[in-house]
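Data block for upload_31.cif (mmCIF, C-alpha atoms):
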```cif
data_input
#
loop_
_atom_site.group_PDB
_atom_site.id
_atom_site.type_symbol
_atom_site.label_atom_id
_atom_site.label_comp_id
_atom_site.auth_asym_id
_atom_site.auth_seq_id
_atom_site.Cartn_x
_atom_site.Cartn_y
_atom_site.Cartn_z
ATOM 1 C CA MET K 134 -12.742 10.307 -8.315
ATOM 2 C CA THR K 135 -9.141 9.560 -7.307
ATOM 3 C CA LYS K 136 -7.639 6.713 -9.324
ATOM 4 C CA GLU K 137 -4.506 4.897 -8.218
ATOM 5 C CA PRO K 138 -2.091 4.860 -11.170
ATOM 6 C CA ILE K 139 -1.454 1.533 -12.887
ATOM 7 C CA PHE K 140 2.218 2.208 -12.202
ATOM 8 C CA THR K 141 4.500 5.025 -11.147
ATOM 9 C CA GLY K 142 7.977 5.301 -12.613
ATOM 10 C CA ALA K 143 9.173 4.154 -16.019
ATOM 11 C CA ALA K 144 7.388 1.668 -18.245
ATOM 12 C CA VAL K 145 9.333 0.416 -21.229
ATOM 13 C CA ALA K 146 7.600 0.755 -24.585
ATOM 14 C CA ILE K 147 9.333 -2.470 -25.450
ATOM 15 C CA ILE K 148 10.744 -3.428 -28.823
ATOM 16 C CA THR K 149 9.717 -6.738 -30.387
ATOM 17 C CA PRO K 150 12.884 -8.763 -31.096
ATOM 18 C CA MET K 151 12.706 -10.455 -34.481
ATOM 19 C CA ASN K 152 14.617 -13.096 -36.376
ATOM 20 C CA ALA K 153 16.200 -12.355 -39.753
ATOM 21 C CA ASP K 154 13.035 -13.590 -41.484
ATOM 22 C CA GLY K 155 10.871 -11.153 -39.485
ATOM 23 C CA SER K 156 9.332 -13.730 -37.152
ATOM 24 C CA VAL K 157 9.195 -12.898 -33.440
ATOM 25 C CA ASN K 158 12.301 -14.067 -31.569
ATOM 26 C CA TYR K 159 10.796 -15.199 -28.273
ATOM 27 C CA ALA K 160 14.069 -16.600 -26.906
ATOM 28 C CA GLU K 161 15.693 -13.183 -27.172
ATOM 29 C CA PHE K 162 12.494 -11.500 -26.014
ATOM 30 C CA ALA K 163 12.749 -13.493 -22.766
ATOM 31 C CA LYS K 164 16.344 -12.351 -22.184
ATOM 32 C CA PHE K 165 15.390 -8.752 -22.886
ATOM 33 C CA VAL K 166 12.359 -8.795 -20.574
ATOM 34 C CA ASP K 167 14.478 -10.325 -17.778
ATOM 35 C CA TRP K 168 17.106 -7.598 -18.230
ATOM 36 C CA GLN K 169 14.445 -4.889 -18.133
ATOM 37 C CA ILE K 170 12.942 -6.193 -14.888
ATOM 38 C CA GLU K 171 16.364 -6.725 -13.286
ATOM 39 C CA ASN K 172 17.162 -3.074 -14.046
ATOM 40 C CA GLY K 173 14.109 -1.584 -12.387
ATOM 41 C CA THR K 174 11.564 -1.224 -15.167
ATOM 42 C CA ASP K 175 8.207 -0.631 -13.490
ATOM 43 C CA ALA K 176 5.982 -1.951 -16.289
ATOM 44 C CA VAL K 177 6.232 -3.484 -19.743
ATOM 45 C CA VAL K 178 4.098 -2.017 -22.507
ATOM 46 C CA ILE K 179 3.794 -4.778 -25.078
ATOM 47 C CA CYS K 180 2.775 -4.209 -28.721
ATOM 48 C CA GLY K 181 2.889 -0.443 -28.719
ATOM 49 C CA THR K 182 4.356 1.756 -31.446
ATOM 50 C CA THR K 183 7.908 0.781 -30.486
ATOM 51 C CA GLY K 184 6.888 -2.875 -30.551
ATOM 52 C CA GLU K 185 5.876 -2.546 -34.229
ATOM 53 C CA SER K 186 2.250 -3.374 -33.538
ATOM 54 C CA SER K 187 1.249 -1.803 -36.841
ATOM 55 C CA THR K 188 2.997 -4.575 -38.801
ATOM 56 C CA LEU K 189 2.109 -7.513 -36.550
ATOM 57 C CA ARG K 190 -0.723 -9.643 -37.843
ATOM 58 C CA VAL K 191 -3.604 -9.832 -35.360
ATOM 59 C CA ALA K 192 -2.755 -13.412 -34.409
ATOM 60 C CA GLU K 193 0.895 -12.447 -33.798
ATOM 61 C CA HIS K 194 -0.146 -9.350 -31.870
ATOM 62 C CA LEU K 195 -2.291 -11.404 -29.505
ATOM 63 C CA GLU K 196 0.347 -14.127 -29.255
ATOM 64 C CA CYS K 197 2.938 -11.522 -28.152
ATOM 65 C CA ILE K 198 0.599 -10.185 -25.476
ATOM 66 C CA LYS K 199 -0.192 -13.641 -24.112
ATOM 67 C CA TRP K 200 3.444 -14.672 -24.153
ATOM 68 C CA CYS K 201 4.494 -11.500 -22.315
ATOM 69 C CA VAL K 202 1.833 -11.811 -19.609
ATOM 70 C CA ASP K 203 2.755 -15.459 -19.043
ATOM 71 C CA TYR K 204 6.511 -14.840 -19.077
ATOM 72 C CA VAL K 205 6.496 -11.772 -16.815
ATOM 73 C CA ALA K 206 4.337 -13.773 -14.394
ATOM 74 C CA GLY K 207 3.551 -10.870 -12.108
ATOM 75 C CA ARG K 208 7.127 -9.554 -11.746
ATOM 76 C CA CYS K 209 5.936 -6.158 -12.975
ATOM 77 C CA LYS K 210 2.838 -4.748 -14.624
ATOM 78 C CA VAL K 211 2.101 -5.707 -18.227
ATOM 79 C CA ILE K 212 0.163 -3.161 -20.276
ATOM 80 C CA ALA K 213 -1.162 -4.392 -23.612
ATOM 81 C CA GLY K 214 -1.341 -2.136 -26.636
ATOM 82 C CA THR K 215 -4.683 -3.014 -28.218
ATOM 83 C CA GLY K 216 -5.704 0.202 -29.954
ATOM 84 C CA SER K 217 -7.027 0.311 -33.500
ATOM 85 C CA ASN K 218 -8.738 2.674 -35.912
ATOM 86 C CA SER K 219 -11.547 0.105 -35.930
ATOM 87 C CA THR K 220 -13.516 0.198 -32.689
ATOM 88 C CA GLN K 221 -14.650 -3.401 -33.142
ATOM 89 C CA CYS K 222 -11.098 -4.622 -33.739
ATOM 90 C CA ALA K 223 -9.901 -2.747 -30.647
ATOM 91 C CA ILE K 224 -12.686 -4.336 -28.598
ATOM 92 C CA GLU K 225 -11.847 -7.840 -29.821
ATOM 93 C CA MET K 226 -8.116 -7.491 -29.077
ATOM 94 C CA SER K 227 -8.781 -5.775 -25.753
ATOM 95 C CA VAL K 228 -11.149 -8.511 -24.592
ATOM 96 C CA GLU K 229 -8.518 -11.125 -25.457
ATOM 97 C CA ALA K 230 -5.786 -9.209 -23.622
ATOM 98 C CA CYS K 231 -7.979 -8.967 -20.529
ATOM 99 C CA GLU K 232 -8.596 -12.721 -20.659
ATOM 100 C CA TYR K 233 -4.840 -13.338 -20.900
ATOM 101 C CA GLY K 234 -4.359 -11.399 -17.663
ATOM 102 C CA ALA K 235 -2.880 -8.092 -18.845
ATOM 103 C CA ASP K 236 -2.885 -5.529 -16.037
ATOM 104 C CA ALA K 237 -4.123 -2.702 -18.265
ATOM 105 C CA LEU K 238 -4.740 -1.661 -21.855
ATOM 106 C CA LEU K 239 -3.045 1.106 -23.842
ATOM 107 C CA LEU K 240 -5.412 2.456 -26.489
ATOM 108 C CA VAL K 241 -4.153 4.802 -29.167
ATOM 109 C CA THR K 242 -6.668 7.142 -30.780
ATOM 110 C CA PRO K 243 -8.136 6.029 -34.115
ATOM 111 C CA TYR K 244 -5.738 6.914 -36.920
ATOM 112 C CA TYR K 245 -6.184 7.578 -40.654
ATOM 113 C CA ASN K 246 -9.990 7.551 -40.563
ATOM 114 C CA LYS K 247 -9.697 9.593 -37.317
ATOM 115 C CA THR K 248 -12.941 10.848 -35.765
ATOM 116 C CA SER K 249 -14.430 13.871 -33.988
ATOM 117 C CA GLN K 250 -13.987 14.600 -30.275
ATOM 118 C CA ARG K 251 -17.505 13.223 -29.759
ATOM 119 C CA GLY K 252 -16.465 10.152 -31.719
ATOM 120 C CA LEU K 253 -13.505 9.673 -29.378
ATOM 121 C CA VAL K 254 -15.834 9.586 -26.387
ATOM 122 C CA VAL K 255 -18.078 7.023 -28.082
ATOM 123 C CA HIS K 256 -15.074 4.936 -29.254
ATOM 124 C CA TYR K 257 -13.400 4.761 -25.850
ATOM 125 C CA THR K 258 -16.683 4.257 -24.011
ATOM 126 C CA ALA K 259 -17.465 1.249 -26.198
ATOM 127 C CA ILE K 260 -14.089 -0.352 -25.411
ATOM 128 C CA HIS K 261 -14.410 0.532 -21.723
ATOM 129 C CA ASP K 262 -17.827 -1.081 -21.484
ATOM 130 C CA ALA K 263 -16.667 -4.263 -23.243
ATOM 131 C CA THR K 264 -13.655 -4.871 -20.986
ATOM 132 C CA ASP K 265 -12.828 -5.190 -17.313
ATOM 133 C CA LYS K 266 -9.270 -3.821 -16.968
ATOM 134 C CA PRO K 267 -7.933 -0.279 -16.515
ATOM 135 C CA ILE K 268 -7.380 1.731 -19.679
ATOM 136 C CA ILE K 269 -4.660 4.223 -20.586
ATOM 137 C CA LEU K 270 -5.545 6.593 -23.412
ATOM 138 C CA TYR K 271 -2.713 7.259 -25.857
ATOM 139 C CA ASN K 272 -2.498 10.709 -27.408
ATOM 140 C CA VAL K 273 0.097 10.956 -30.190
ATOM 141 C CA PRO K 274 -1.289 13.329 -32.841
ATOM 142 C CA SER K 275 1.965 13.428 -34.830
ATOM 143 C CA ARG K 276 1.283 9.805 -35.800
ATOM 144 C CA THR K 277 -2.508 9.626 -35.759
ATOM 145 C CA GLY K 278 -3.534 13.062 -36.981
ATOM 146 C CA LEU K 279 -5.947 13.268 -34.047
ATOM 147 C CA ASN K 280 -5.547 15.101 -30.742
ATOM 148 C CA ILE K 281 -7.443 14.322 -27.542
ATOM 149 C CA GLN K 282 -8.572 17.753 -26.379
ATOM 150 C CA PRO K 283 -8.431 18.431 -22.600
ATOM 151 C CA GLU K 284 -12.208 18.674 -22.379
ATOM 152 C CA THR K 285 -12.496 15.258 -24.055
ATOM 153 C CA ALA K 286 -9.971 13.802 -21.634
ATOM 154 C CA PHE K 287 -12.067 15.207 -18.794
ATOM 155 C CA GLU K 288 -15.228 13.612 -20.168
ATOM 156 C CA LEU K 289 -13.477 10.259 -20.502
ATOM 157 C CA SER K 290 -12.017 10.525 -16.991
ATOM 158 C CA LYS K 291 -15.559 10.120 -15.653
ATOM 159 C CA LEU K 292 -15.496 6.472 -16.754
ATOM 160 C CA PRO K 293 -14.306 4.397 -13.787
ATOM 161 C CA ARG K 294 -11.682 2.310 -15.608
ATOM 162 C CA ILE K 295 -10.173 5.090 -17.713
ATOM 163 C CA ASN K 296 -7.102 5.251 -15.495
ATOM 164 C CA GLY K 297 -4.895 7.699 -17.320
ATOM 165 C CA ILE K 298 -3.382 9.109 -20.476
ATOM 166 C CA LYS K 299 -0.039 8.670 -22.203
ATOM 167 C CA GLU K 300 0.657 12.173 -23.460
ATOM 168 C CA ALA K 301 2.856 12.428 -26.538
ATOM 169 C CA SER K 302 1.361 15.577 -28.013
ATOM 170 C CA GLY K 303 4.396 17.583 -26.930
ATOM 171 C CA ASN K 304 2.031 20.390 -25.914
ATOM 172 C CA LEU K 305 2.869 21.166 -22.296
ATOM 173 C CA ALA K 306 0.164 23.820 -22.017
ATOM 174 C CA GLN K 307 -2.423 21.272 -23.102
ATOM 175 C CA ILE K 308 -1.084 18.694 -20.626
ATOM 176 C CA ALA K 309 -1.274 21.263 -17.822
ATOM 177 C CA ARG K 310 -4.897 21.898 -18.769
ATOM 178 C CA VAL K 311 -5.665 18.150 -18.659
ATOM 179 C CA HIS K 312 -4.296 17.996 -15.129
ATOM 180 C CA GLU K 313 -6.176 21.140 -14.150
ATOM 181 C CA LEU K 314 -9.473 19.667 -15.357
ATOM 182 C CA CYS K 315 -8.994 16.057 -14.280
ATOM 183 C CA SER K 316 -6.635 16.131 -11.282
ATOM 184 C CA ASP K 317 -6.334 12.604 -9.806
ATOM 185 C CA SER K 318 -9.221 11.225 -11.836
ATOM 186 C CA LEU K 319 -6.862 10.862 -14.825
ATOM 187 C CA ASN K 320 -3.227 9.916 -14.285
ATOM 188 C CA ILE K 321 -0.756 11.377 -16.765
ATOM 189 C CA TRP K 322 2.354 9.675 -18.130
ATOM 190 C CA SER K 323 4.855 11.278 -20.461
ATOM 191 C CA GLY K 324 4.969 9.701 -23.898
ATOM 192 C CA ASN K 325 8.082 11.686 -24.830
ATOM 193 C CA ASP K 326 11.397 10.896 -23.156
ATOM 194 C CA ASP K 327 12.633 14.468 -23.523
ATOM 195 C CA GLN K 328 9.653 15.707 -21.477
ATOM 196 C CA ILE K 329 9.773 13.324 -18.507
ATOM 197 C CA PHE K 330 10.821 16.010 -16.025
ATOM 198 C CA ASP K 331 8.498 18.652 -17.473
ATOM 199 C CA ILE K 332 5.466 16.369 -17.236
ATOM 200 C CA MET K 333 6.375 15.269 -13.717
ATOM 201 C CA GLN K 334 6.262 18.966 -12.817
ATOM 202 C CA LEU K 335 2.753 19.118 -14.270
ATOM 203 C CA GLY K 336 1.547 16.278 -12.048
ATOM 204 C CA GLY K 337 2.717 13.304 -14.112
ATOM 205 C CA LYS K 338 3.198 9.835 -12.661
ATOM 206 C CA GLY K 339 6.103 8.783 -14.867
ATOM 207 C CA VAL K 340 6.842 7.821 -18.454
ATOM 208 C CA ILE K 341 6.083 5.189 -21.059
ATOM 209 C CA SER K 342 9.551 5.212 -22.512
ATOM 210 C CA VAL K 343 11.559 4.405 -25.617
ATOM 211 C CA LEU K 344 14.781 5.362 -23.804
ATOM 212 C CA SER K 345 14.142 2.561 -21.285
ATOM 213 C CA ASN K 346 14.977 0.036 -24.004
ATOM 214 C CA VAL K 347 18.653 0.954 -23.588
ATOM 215 C CA CYS K 348 18.673 2.696 -20.179
ATOM 216 C CA PRO K 349 16.009 1.066 -17.983
ATOM 217 C CA ALA K 350 17.670 1.810 -14.637
ATOM 218 C CA GLN K 351 18.474 5.407 -15.514
ATOM 219 C CA THR K 352 15.012 6.192 -16.890
ATOM 220 C CA HIS K 353 13.419 4.711 -13.764
ATOM 221 C CA GLU K 354 15.754 6.828 -11.635
ATOM 222 C CA ILE K 355 14.819 10.103 -13.365
ATOM 223 C CA VAL K 356 11.230 9.535 -12.254
ATOM 224 C CA GLN K 357 12.017 8.000 -8.862
ATOM 225 C CA LYS K 358 14.226 10.902 -7.817
ATOM 226 C CA TYR K 359 11.377 13.289 -8.565
ATOM 227 C CA ILE K 360 8.870 11.155 -6.642
ATOM 228 C CA ASP K 361 11.287 10.979 -3.698
ATOM 229 C CA GLY K 362 11.587 14.770 -3.604
ATOM 230 C CA ASP K 363 15.014 15.037 -5.214
ATOM 231 C CA VAL K 364 13.828 17.446 -7.900
ATOM 232 C CA VAL K 365 17.325 18.796 -8.536
ATOM 233 C CA GLY K 366 18.710 15.282 -8.976
ATOM 234 C CA SER K 367 15.888 14.335 -11.316
ATOM 235 C CA LYS K 368 16.500 17.397 -13.477
ATOM 236 C CA ALA K 369 20.252 16.720 -13.551
ATOM 237 C CA MET K 370 19.645 13.178 -14.784
ATOM 238 C CA MET K 371 17.127 14.404 -17.341
ATOM 239 C CA ASP K 372 19.680 16.874 -18.649
ATOM 240 C CA LYS K 373 22.363 14.177 -18.752
ATOM 241 C CA TYR K 374 20.260 11.764 -20.825
ATOM 242 C CA MET K 375 18.574 14.354 -23.051
ATOM 243 C CA LYS K 376 21.028 13.911 -25.928
ATOM 244 C CA LEU K 377 20.544 10.142 -25.970
ATOM 245 C CA ALA K 378 16.765 10.495 -25.732
ATOM 246 C CA LYS K 379 16.740 12.840 -28.719
ATOM 247 C CA ASN K 380 19.205 10.851 -30.858
ATOM 248 C CA LEU K 381 17.089 7.721 -30.481
ATOM 249 C CA PHE K 382 14.615 9.629 -32.673
ATOM 250 C CA CYS K 383 17.038 10.491 -35.467
ATOM 251 C CA ASP K 384 14.792 8.417 -37.734
ATOM 252 C CA VAL K 385 11.270 7.035 -37.457
ATOM 253 C CA ASN K 386 10.684 5.184 -34.183
ATOM 254 C CA PRO K 387 11.494 2.317 -33.601
ATOM 255 C CA ILE K 388 14.227 2.148 -36.262
ATOM 256 C CA PRO K 389 16.966 3.877 -34.190
ATOM 257 C CA VAL K 390 16.146 2.284 -30.840
ATOM 258 C CA LYS K 391 15.964 -1.212 -32.299
ATOM 259 C CA ASP K 392 19.395 -0.697 -33.829
ATOM 260 C CA ALA K 393 20.588 0.631 -30.470
ATOM 261 C CA VAL K 394 19.336 -2.510 -28.713
ATOM 262 C CA ASN K 395 21.286 -4.581 -31.242
ATOM 263 C CA MET K 396 24.368 -2.459 -30.540
ATOM 264 C CA ILE K 397 24.206 -2.944 -26.758
ATOM 265 C CA GLY K 398 24.290 -6.708 -27.199
ATOM 266 C CA PHE K 399 20.791 -8.076 -27.727
ATOM 267 C CA ALA K 400 19.608 -9.803 -30.900
ATOM 268 C CA ALA K 401 16.766 -7.353 -31.564
ATOM 269 C CA GLY K 402 16.887 -8.087 -35.269
ATOM 270 C CA PRO K 403 15.518 -5.912 -38.057
ATOM 271 C CA CYS K 404 12.327 -3.862 -38.220
ATOM 272 C CA ARG K 405 9.547 -5.022 -40.486
ATOM 273 C CA LEU K 406 8.838 -3.228 -43.730
ATOM 274 C CA PRO K 407 7.989 -0.505 -44.487
ATOM 275 C CA LEU K 408 10.539 0.460 -41.818
ATOM 276 C CA VAL K 409 14.029 0.167 -43.286
ATOM 277 C CA GLU K 410 17.545 0.113 -41.897
ATOM 278 C CA LEU K 411 19.175 3.258 -40.532
ATOM 279 C CA SER K 412 21.328 5.237 -42.931
ATOM 280 C CA ALA K 413 25.081 4.911 -42.411
ATOM 281 C CA GLU K 414 25.138 8.465 -41.078
ATOM 282 C CA ASN K 415 22.425 7.843 -38.479
ATOM 283 C CA LYS K 416 23.864 4.441 -37.560
ATOM 284 C CA LYS K 417 27.121 6.213 -36.699
ATOM 285 C CA LEU K 418 25.220 8.875 -34.749
ATOM 286 C CA VAL K 419 23.465 6.221 -32.641
ATOM 287 C CA SER K 420 26.670 4.222 -32.150
ATOM 288 C CA ASP K 421 28.700 7.299 -31.186
ATOM 289 C CA THR K 422 25.991 8.414 -28.755
ATOM 290 C CA LEU K 423 25.801 5.002 -27.068
ATOM 291 C CA ALA K 424 29.601 4.999 -26.749
ATOM 292 C CA GLU K 425 29.516 8.482 -25.241
ATOM 293 C CA TYR K 426 27.177 7.192 -22.537
ATOM 294 C CA GLY K 427 29.302 4.107 -21.898
ATOM 295 C CA LEU K 428 26.626 1.740 -23.176
ATOM 296 C CA ILE K 429 28.872 0.067 -25.776
#
```
Translate the structure described by the file into structure tokens.
Amino acid sequence: MTKEPIFTGAAVAIITPMNADGSVNYAEFAKFVDWQIENGTDAVVICGTTGESSTLRVAEHLECIKWCVDYVAGRCKVIAGTGSNSTQCAIEMSVEACEYGADALLLVTPYYNKTSQRGLVVHYTAIHDATDKPIILYNVPSRTGLNIQPETAFELSKLPRINGIKEASGNLAQIARVHELCSDSLNIWSGNDDQIFDIMQLGGKGVISVLSNVCPAQTHEIVQKYIDGDVVGSKAMMDKYMKLAKNLFCDVNPIPVKDAVNMIGFAAGPCRLPLVELSAENKKLVSDTLAEYGLI
């Protein structure tokens, strides 16, 4: 079953700008979304890891999704992060996001309580059957302690609205196996900025990107060059931006990238606890790296 990808190119795993008191700064959010779209971002992923979904209260989480869908107003795709380690909670948030008009859902695997591979199939099937929008699975075992095995991805790809998988396992052999098993029945997006080119070579359709928060046009171009057949140009751009991509992970995501967004001129504000400010050493590393790339 061939499934058209929700998007091709670069989706920004967007930060959530916050005021000094930790409340969501929607005025700045609007400026940042406009800048992303003006610079070629192909989709906005709202309330993902980089958007600090784990410390948003459910009401805030849903408010951010609704605001984003309404504000983007069809200018690009909006993908709502509605995953949870509670299947029922994920269903409730996902149903709301669908009603708001999100184009798709991004569903991280259950974390902390985790589950078996069979449990993953049951979990995702339950959310699939309760909703009416395409779903992107999110595999990030370094955070969740749970890996979607290729055979599980294949089983889930049989569901008509399981559109693809955001792969942040870092395991290129595993990702190749997913593509071998699923082909066009499960689209693959890189979840790691340093593997955009590698995953495109394995049949990927693009990236859900942290790097796009500071380099939306360039991240889009890495993917677009590959799609257009300029493989050499894509690799050259990947090589050029590799240092920045890596240094944006000098501390726990999204601490460095949120600081970077502040440095390039947006009022991104602080992260919510338990995430704390960058150390002086890492703040200098991020600042020096942005300066090296001409971003500040």
Let me make sure I understand: among K:Met370, K:Leu270, K:Ala213, K:Ala401, which one has the smallest atom-to-atom distance to Asn158 (chain K) if we use all atoms listed in the file?
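Between K:Met370, K:Leu270, K:Ala213, K:Ala401, the residue approaching Asn158 (chain K) most closely is K:Ala401.
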List the neighbours of Leu253 (chain K) out to 8 Å using only C-alpha atoms; skip same-chain residues closer than 3 positions along the sequence, and give me the result as a ChimeraX atom specification.
/K:242,248-250,256-257,281,285
Export C-alpha atoms of the chosen residues as a PDB file, keeping the file's coordinate frame?
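again36.pdb was written with the following content:
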```pdb
ATOM      1  CA  THR K 242      -6.668   7.142 -30.780  1.00  0.00           C
ATOM      2  CA  THR K 248     -12.941  10.848 -35.765  1.00  0.00           C
ATOM      3  CA  SER K 249     -14.430  13.871 -33.988  1.00  0.00           C
ATOM      4  CA  GLN K 250     -13.987  14.600 -30.275  1.00  0.00           C
ATOM      5  CA  HIS K 256     -15.074   4.936 -29.254  1.00  0.00           C
ATOM      6  CA  TYR K 257     -13.400   4.761 -25.850  1.00  0.00           C
ATOM      7  CA  ILE K 281      -7.443  14.322 -27.542  1.00  0.00           C
ATOM      8  CA  THR K 285     -12.496  15.258 -24.055  1.00  0.00           C
TER       9      THR K 285
END
```
Using all atoms listed in the file, which residue out of K:Ser217, K:Asn380, K:Asn246, K:Asn152 lies closest to Asp326 (chain K)?
K:Asn380
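The closest residue to Ser290 (chain K), picked from K:Cys348, K:Ala223, K:Leu305, K:Val254 and counting all atoms listed in the file, is K:Val254.
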Counting all atoms listed in the file, what is within 12 Å of Lys376 (chain K), bar same-chain residues fewer than 3 positions away, as a PyMOL selection string?
chain K and resi 326-327+344+370-373+379-383+418-419+421-423+425-426
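Of the residues listed (K:Ser318, K:Asn346, K:Ser275, K:Gln351), K:Asn346 shows the shortest atom-to-atom separation from Val145 (chain K); distances use all atoms listed in the file.
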Selection: 7 Å around Ile212 (chain K), all atoms listed in the file, excl. self and same-chain fewer than 3 positions, as a PyMOL selection string
chain K and resi 177-179+235-239
Edge lengths and centre in Å, axis-aligned, region 155-171 of chain K plus 5 Å each side, as lines of an AutoDock Vina configuration file:
```
center_x = 13.2
center_y = -10.7
center_z = -26.4
size_x = 17.9
size_y = 21.7
size_z = 36.2
```
Under the PyMOL selection byres ((chain K and resi 315) around 12), which residues of this model are included? Write them out as a VMD selection string.
chain K and resid 134 to 136 283 to 292 295 to 298 308 to 314 316 to 321 336
So which residues are close to (10.9, -4.0, -17.6), meaning at most 12 Å away in the file's coordinates with all atoms listed in the file counted, and can you show them as a ChimeraX atom specification?
/K:140,142-148,162-179,201,204-205,207-212,341-350,352-353
Polymer residues at most 12 Å from Val385 (chain K), all atoms listed in the file, same-chain spacing of 3 or more positions, as a list in words
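Close residues of Val385 (chain K): Thr182, Thr183, Glu185, Ser275, Arg276, Lys379, Asn380, Leu381, Phe382, Ile388, Pro389, Val390, Lys391, Asp392, Cys404, Pro407, Leu408, Val409, Glu410, Leu411, Ser412 and Asn415 of chain K.
Note that the spacing between CA of Phe330 (chain K) and CA of Lys299 (chain K) amounts to 14.5 Å.
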For the PyMOL selection byres ((chain K and resi 300-303) around 6), applied here, can you spell out every residue it catches as a VMD selection string?
chain K and resid 272 to 274 298 to 299 304 323 to 325
Taking only residues of region 244-321 of chain K that have an atom at most 8 Å from an atom of region 224-231 of chain K, what is each one's shortest atom pair and its distance in Å to one decimal, using all atoms listed in the file, in chain and number order, as JSON lines?
```
{"residue": "K:Ala259", "atom": "CA", "partner": "K:Ile224", "partner_atom": "CA", "distance": 7.7}
{"residue": "K:Ile260", "atom": "CA", "partner": "K:Ile224", "partner_atom": "CA", "distance": 5.3}
{"residue": "K:Ala263", "atom": "CA", "partner": "K:Ile224", "partner_atom": "CA", "distance": 6.7}
{"residue": "K:Thr264", "atom": "CA", "partner": "K:Val228", "partner_atom": "CA", "distance": 5.7}
{"residue": "K:Asp265", "atom": "CA", "partner": "K:Cys231", "partner_atom": "CA", "distance": 6.9}
{"residue": "K:Lys266", "atom": "CA", "partner": "K:Cys231", "partner_atom": "CA", "distance": 6.4}
```
Of the candidates K:Gly234, K:Gly216, K:Pro387, K:Gly184, which shows the shortest atom-to-atom distance to His261 (chain K), using only C-alpha atoms?
K:Gly216
Give the answer as one residue: which of K:Leu279, K:Ala206, K:Ile429, K:Ala306 has the shortest atom-to-atom distance to Ala393 (chain K), using all atoms listed in the file?
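The shortest atom-to-atom distance to Ala393 (chain K) comes from K:Ile429.
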Return region 160-171 of chain K, completed with N, CA and C atoms, as an mmCIF file, in the frame of the given file.
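Below is the file out.cif, written as the result:
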```cif
data_model
loop_
_atom_site.group_PDB
_atom_site.id
_atom_site.type_symbol
_atom_site.label_atom_id
_atom_site.label_comp_id
_atom_site.auth_asym_id
_atom_site.auth_seq_id
_atom_site.Cartn_x
_atom_site.Cartn_y
_atom_site.Cartn_z
ATOM 1 N N ALA K 160 12.930 -16.280 -27.777
ATOM 2 C CA ALA K 160 14.069 -16.600 -26.906
ATOM 3 C C ALA K 160 14.805 -15.325 -26.507
ATOM 4 N N GLU K 161 15.020 -14.453 -27.473
ATOM 5 C CA GLU K 161 15.693 -13.183 -27.172
ATOM 6 C C GLU K 161 14.770 -12.244 -26.406
ATOM 7 N N PHE K 162 13.485 -12.301 -26.730
ATOM 8 C CA PHE K 162 12.494 -11.500 -26.014
ATOM 9 C C PHE K 162 12.559 -11.808 -24.516
ATOM 10 N N ALA K 163 12.675 -13.087 -24.168
ATOM 11 C CA ALA K 163 12.749 -13.493 -22.766
ATOM 12 C C ALA K 163 13.971 -12.883 -22.086
ATOM 13 N N LYS K 164 15.127 -12.939 -22.750
ATOM 14 C CA LYS K 164 16.344 -12.351 -22.184
ATOM 15 C C LYS K 164 16.174 -10.844 -21.972
ATOM 16 N N PHE K 165 15.536 -10.205 -22.949
ATOM 17 C CA PHE K 165 15.390 -8.752 -22.886
ATOM 18 C C PHE K 165 14.412 -8.344 -21.787
ATOM 19 N N VAL K 166 13.317 -9.075 -21.648
ATOM 20 C CA VAL K 166 12.359 -8.795 -20.574
ATOM 21 C C VAL K 166 13.020 -8.995 -19.211
ATOM 22 N N ASP K 167 13.782 -10.075 -19.048
ATOM 23 C CA ASP K 167 14.478 -10.325 -17.778
ATOM 24 C C ASP K 167 15.408 -9.164 -17.441
ATOM 25 N N TRP K 168 16.160 -8.699 -18.436
ATOM 26 C CA TRP K 168 17.106 -7.598 -18.230
ATOM 27 C C TRP K 168 16.377 -6.321 -17.839
ATOM 28 N N GLN K 169 15.247 -6.064 -18.475
ATOM 29 C CA GLN K 169 14.445 -4.889 -18.133
ATOM 30 C C GLN K 169 14.009 -4.945 -16.668
ATOM 31 N N ILE K 170 13.457 -6.066 -16.265
ATOM 32 C CA ILE K 170 12.942 -6.193 -14.888
ATOM 33 C C ILE K 170 14.079 -6.118 -13.882
ATOM 34 N N GLU K 171 15.202 -6.765 -14.183
ATOM 35 C CA GLU K 171 16.364 -6.725 -13.286
ATOM 36 C C GLU K 171 16.886 -5.307 -13.115
#
```
